[in-house]
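Below is one structure; the comments refer to it alone.
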Amino acid sequence: MNPLIAAASVVGAGLSVGLAAIGSGVGQGTAAGYAVEGIARQPEAEGKIRGALLLSFAFIESLTIYGLVVALVLLFANPFSG
Amino acid sequence: MIQTFFFNINELTVGQHWYWTIFGYEVHGQVLVTAWFVFALIRIFSLAANRDLKETPDGLQNLAEFITEFVRDIAKTQIGEDDHLTWVPFLGAIFLFIFVSNWSGALLPWHILEIPGGELAAPTNDINTTVALAILTSIAYFYRGLSKKGLGYFNRYVSPAAFLLPINVLEDFTKPLSLSFRLFGNVLADELVVAVLVTLVPLFVPIPLILLGLFTSAIQALVFSTLAGAYIGEAVEEHHLLKVFFTI
């Protein structure tokens, strides 16, 4: 494969996942913080709070996963190679 | 590849498939084999749980009733009181297929069986499987909207305001896209992480990540079926953003 394309793909893949993880980290941390505060304020609501929290985590995580998919495509199914 | 004198200790490949040609189309055989295994597993479980039904359930019947009530609850919160029972089979099939395939891919020792190309793993680690499930969900919510409202269904593209038309049309494309990518990315990412760790430290260290993978893949099964239910539910309602989050 053209070395320029290979190098650019590697850099792109690394940046893709790395940058995508920033937003997810901040978002999930904030969500977890508010959830823990809610549990501390009202311990008997823990089940519902945990349910909403886990579902929210799945959605926020999926944005990072999109970045991961781009990285995987660049590394293993590169459309610009050959 | 880490190679000893007699055999490879480990090999990590992505994108290698066992190609079958069916009616002139090339398909990924390893995904079909593992998907059939998942179907067989679910079918055997349902047959075993439904024999000798008792009033007070125990054993497998208890587990089957628990799963049915769980799916029924998802359907009721997402679709509403009136119509949810007709959609329980669909949501249940999606939930069970994704759950059993993710856990069977992570827990069962598939690598004992060697196949001529690629590896056996969870069938949901292939984008084709997840896109198929997402397109089924799209067809399901279109079907519900069109069967309940006829051509009046298309009014929801311009409600509450006409300038939202491009966004609503775009939503019809992003819904299956996000469903499929979320599931595919989660499953493949966990498999890759475990595979890389096994390449580095084959004993004990991958286990916490396998457990994390079991947890997240179970959540993804729940999220996929919850979102499928939410899309089916909102196909006959006025446009409410954020309805999903307040119904857990």
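In the structure tokens, chains take letters A, B, ... by order of appearance, with residues numbered from 1 within each chain and ligands from 1 in the order shown.
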
List as JSON lines every residue of chain A that is in contact with chain B, defined as an atom at most 9 Å from one of its atoms (using only C-alpha atoms), together with the nearest atom pair and the distance in Å rounded to one decimal, sorted by chain and then rising number.
{"residue": "A:Lys48", "atom": "CA", "partner": "B:Ile248", "partner_atom": "CA", "distance": 6.9}
{"residue": "A:Ile49", "atom": "CA", "partner": "B:Ile248", "partner_atom": "CA", "distance": 8.9}
{"residue": "A:Gly51", "atom": "CA", "partner": "B:Ile248", "partner_atom": "CA", "distance": 6.5}
{"residue": "A:Ala52", "atom": "CA", "partner": "B:Ile248", "partner_atom": "CA", "distance": 6.0}
{"residue": "A:Leu54", "atom": "CA", "partner": "B:Ile219", "partner_atom": "CA", "distance": 7.7}
{"residue": "A:Leu55", "atom": "CA", "partner": "B:Val223", "partner_atom": "CA", "distance": 6.7}
{"residue": "A:Ser56", "atom": "CA", "partner": "B:Phe245", "partner_atom": "CA", "distance": 7.9}
{"residue": "A:Ala58", "atom": "CA", "partner": "B:Gln220", "partner_atom": "CA", "distance": 7.0}
{"residue": "A:Phe59", "atom": "CA", "partner": "B:Val223", "partner_atom": "CA", "distance": 8.3}
{"residue": "A:Glu61", "atom": "CA", "partner": "B:Arg182", "partner_atom": "CA", "distance": 8.3}
{"residue": "A:Ser62", "atom": "CA", "partner": "B:Arg182", "partner_atom": "CA", "distance": 5.1}
{"residue": "A:Leu63", "atom": "CA", "partner": "B:Arg182", "partner_atom": "CA", "distance": 8.0}
{"residue": "A:Ile65", "atom": "CA", "partner": "B:Gly185", "partner_atom": "CA", "distance": 5.4}
{"residue": "A:Tyr66", "atom": "CA", "partner": "B:Phe181", "partner_atom": "CA", "distance": 6.6}
{"residue": "A:Leu68", "atom": "CA", "partner": "B:Gly185", "partner_atom": "CA", "distance": 6.9}
{"residue": "A:Val69", "atom": "CA", "partner": "B:Gly185", "partner_atom": "CA", "distance": 6.0}
{"residue": "A:Phe76", "atom": "CA", "partner": "B:Gly15", "partner_atom": "CA", "distance": 6.5}
{"residue": "A:Ala77", "atom": "CA", "partner": "B:Gly15", "partner_atom": "CA", "distance": 7.2}

Name the residues in contact with Ser46 in chain B at a cut-off of 9 Å, using only C-alpha atoms, excluding same-chain residues fewer than 3 positions from it; report them as a PyMOL selection string.
chain B and resi 41-43+49-51+60-61+64

Print the selection's residues with C-alpha atoms to a file, as a PDB file, in the first residue's frame.
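Okay, selection.pdb is ready:
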ATOM      1  CA  LEU B  41     -30.044 -22.734  21.184  1.00  0.00           C
ATOM      2  CA  ILE B  42     -33.029 -20.437  21.610  1.00  0.00           C
ATOM      3  CA  ARG B  43     -35.368 -23.000  20.023  1.00  0.00           C
ATOM      4  CA  ALA B  49     -39.222 -24.601  28.913  1.00  0.00           C
ATOM      5  CA  ASN B  50     -42.651 -25.099  27.403  1.00  0.00           C
ATOM      6  CA  ARG B  51     -43.120 -28.779  28.087  1.00  0.00           C
ATOM      7  CA  LEU B  60     -36.749 -23.450  32.897  1.00  0.00           C
ATOM      8  CA  GLN B  61     -40.383 -22.413  32.751  1.00  0.00           C
ATOM      9  CA  ALA B  64     -38.857 -18.330  30.242  1.00  0.00           C
TER      10      ALA B  64
END

Identify, on the basis of only C-alpha atoms, every residue whose closest approach to range 66-77 of chain B does not exceed 8 Å; exclude the query and any residue fewer than 4 positions from it along the same chain; express the result as a JSON list (two decimals) with N, CA and C atoms, in the first residue's frame.
[["chain", "number", "residue", "atom", "x", "y", "z"],
["B", 62, "ASN", "N", -39.78, -21.07, 34.68],
["B", 62, "ASN", "CA", -39.67, -19.83, 35.43],
["B", 62, "ASN", "C", -38.81, -18.83, 34.68],
["B", 81, "GLU", "N", -50.00, 1.21, 26.28],
["B", 81, "GLU", "CA", -50.87, 0.13, 26.76],
["B", 81, "GLU", "C", -51.58, -0.61, 25.65],
["B", 84, "HIS", "N", -49.33, -3.15, 22.75],
["B", 84, "HIS", "CA", -47.95, -3.63, 22.88],
["B", 84, "HIS", "C", -47.85, -5.13, 22.71],
["B", 85, "LEU", "N", -48.94, -5.89, 22.95],
["B", 85, "LEU", "CA", -48.78, -7.34, 22.92],
["B", 85, "LEU", "C", -48.46, -7.87, 21.53],
["B", 87, "TRP", "N", -46.46, -6.60, 19.54],
["B", 87, "TRP", "CA", -45.06, -6.37, 19.23],
["B", 87, "TRP", "C", -44.11, -7.11, 20.15],
["B", 88, "VAL", "N", -44.64, -7.80, 21.16],
["B", 88, "VAL", "CA", -43.75, -8.54, 22.06],
["B", 88, "VAL", "C", -42.96, -9.63, 21.33],
["B", 91, "LEU", "N", -40.01, -7.76, 19.48],
["B", 91, "LEU", "CA", -38.98, -7.23, 20.37],
["B", 91, "LEU", "C", -38.28, -8.35, 21.11],
["B", 92, "GLY", "N", -39.04, -9.39, 21.48],
["B", 92, "GLY", "CA", -38.44, -10.51, 22.17],
["B", 92, "GLY", "C", -37.45, -11.25, 21.29],
["B", 95, "PHE", "N", -34.35, -9.06, 21.09],
["B", 95, "PHE", "CA", -33.61, -9.06, 22.34],
["B", 95, "PHE", "C", -32.89, -10.40, 22.56],
["B", 225, "SER", "N", -33.38, -3.42, 21.76],
["B", 225, "SER", "CA", -34.81, -3.73, 21.78],
["B", 225, "SER", "C", -35.60, -2.56, 22.33],
["B", 226, "THR", "N", -35.05, -1.82, 23.32],
["B", 226, "THR", "CA", -35.76, -0.65, 23.82],
["B", 226, "THR", "C", -35.92, 0.40, 22.73],
["B", 229, "GLY", "N", -38.48, -0.68, 20.23],
["B", 229, "GLY", "CA", -39.80, -0.41, 20.77],
["B", 229, "GLY", "C", -40.14, 1.06, 20.73],
["B", 247, "THR", "N", -38.96, 6.99, 30.34],
["B", 247, "THR", "CA", -39.85, 5.84, 30.43],
["B", 247, "THR", "C", -39.18, 4.63, 31.02],
["B", 248, "ILE", "N", -38.03, 4.80, 31.67],
["B", 248, "ILE", "CA", -37.34, 3.61, 32.21],
["B", 248, "ILE", "C", -38.09, 3.11, 33.42]]

Within 12 Å of Leu146 in chain B, counting only C-alpha atoms, which residues qualify if same-chain residues fewer than 4 places away don't, as number ranges by chain?
B: 139-142, 150-156, 232, 235-236

Take CA of Phe23 in chain B and CA of Asp126 in chain B and report the distance between them in Å, one decimal.
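Computing it gives 20.7 Å between the two atoms.
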
Neighbouring residues of range 160-176 of chain B were defined as those with any atom within 9 Å, considering only C-alpha atoms; residues of the same chain fewer than 6 positions away were excluded. Please report them as a list in words.
Val131, Leu133, Ala134, Ile135, Leu136, Thr137, Ser138, Tyr231, Glu238 and His239 of chain B

Write to file, as an mmCIF file, in the first residue's frame, the residues of the selection just made, with C-alpha atoms.
data_model
loop_
_atom_site.group_PDB
_atom_site.id
_atom_site.type_symbol
_atom_site.label_atom_id
_atom_site.label_comp_id
_atom_site.auth_asym_id
_atom_site.auth_seq_id
_atom_site.Cartn_x
_atom_site.Cartn_y
_atom_site.Cartn_z
ATOM 1 C CA VAL B 131 -27.632 -3.847 9.586
ATOM 2 C CA LEU B 133 -31.592 -6.247 12.395
ATOM 3 C CA ALA B 134 -31.720 -2.469 12.025
ATOM 4 C CA ILE B 135 -33.468 -2.664 8.658
ATOM 5 C CA LEU B 136 -35.991 -5.094 10.171
ATOM 6 C CA THR B 137 -36.667 -2.502 12.858
ATOM 7 C CA SER B 138 -37.122 0.189 10.208
ATOM 8 C CA TYR B 231 -39.316 3.793 17.250
ATOM 9 C CA GLU B 238 -46.915 13.284 17.515
ATOM 10 C CA HIS B 239 -43.310 14.281 17.531
#

Could you state the separation of CA of Ala7 in chain A and CA of Ala71 in chain A in Å, given to one decimal place?
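One can read the CA of Ala7 in chain A to CA of Ala71 in chain A distance as 13.1 Å.
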
Take CA of Leu53 in chain A and CA of Ala35 in chain A and report the distance between them in Å, one decimal.
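Spanning CA of Leu53 in chain A to CA of Ala35 in chain A is a straight-line distance of 6.7 Å.
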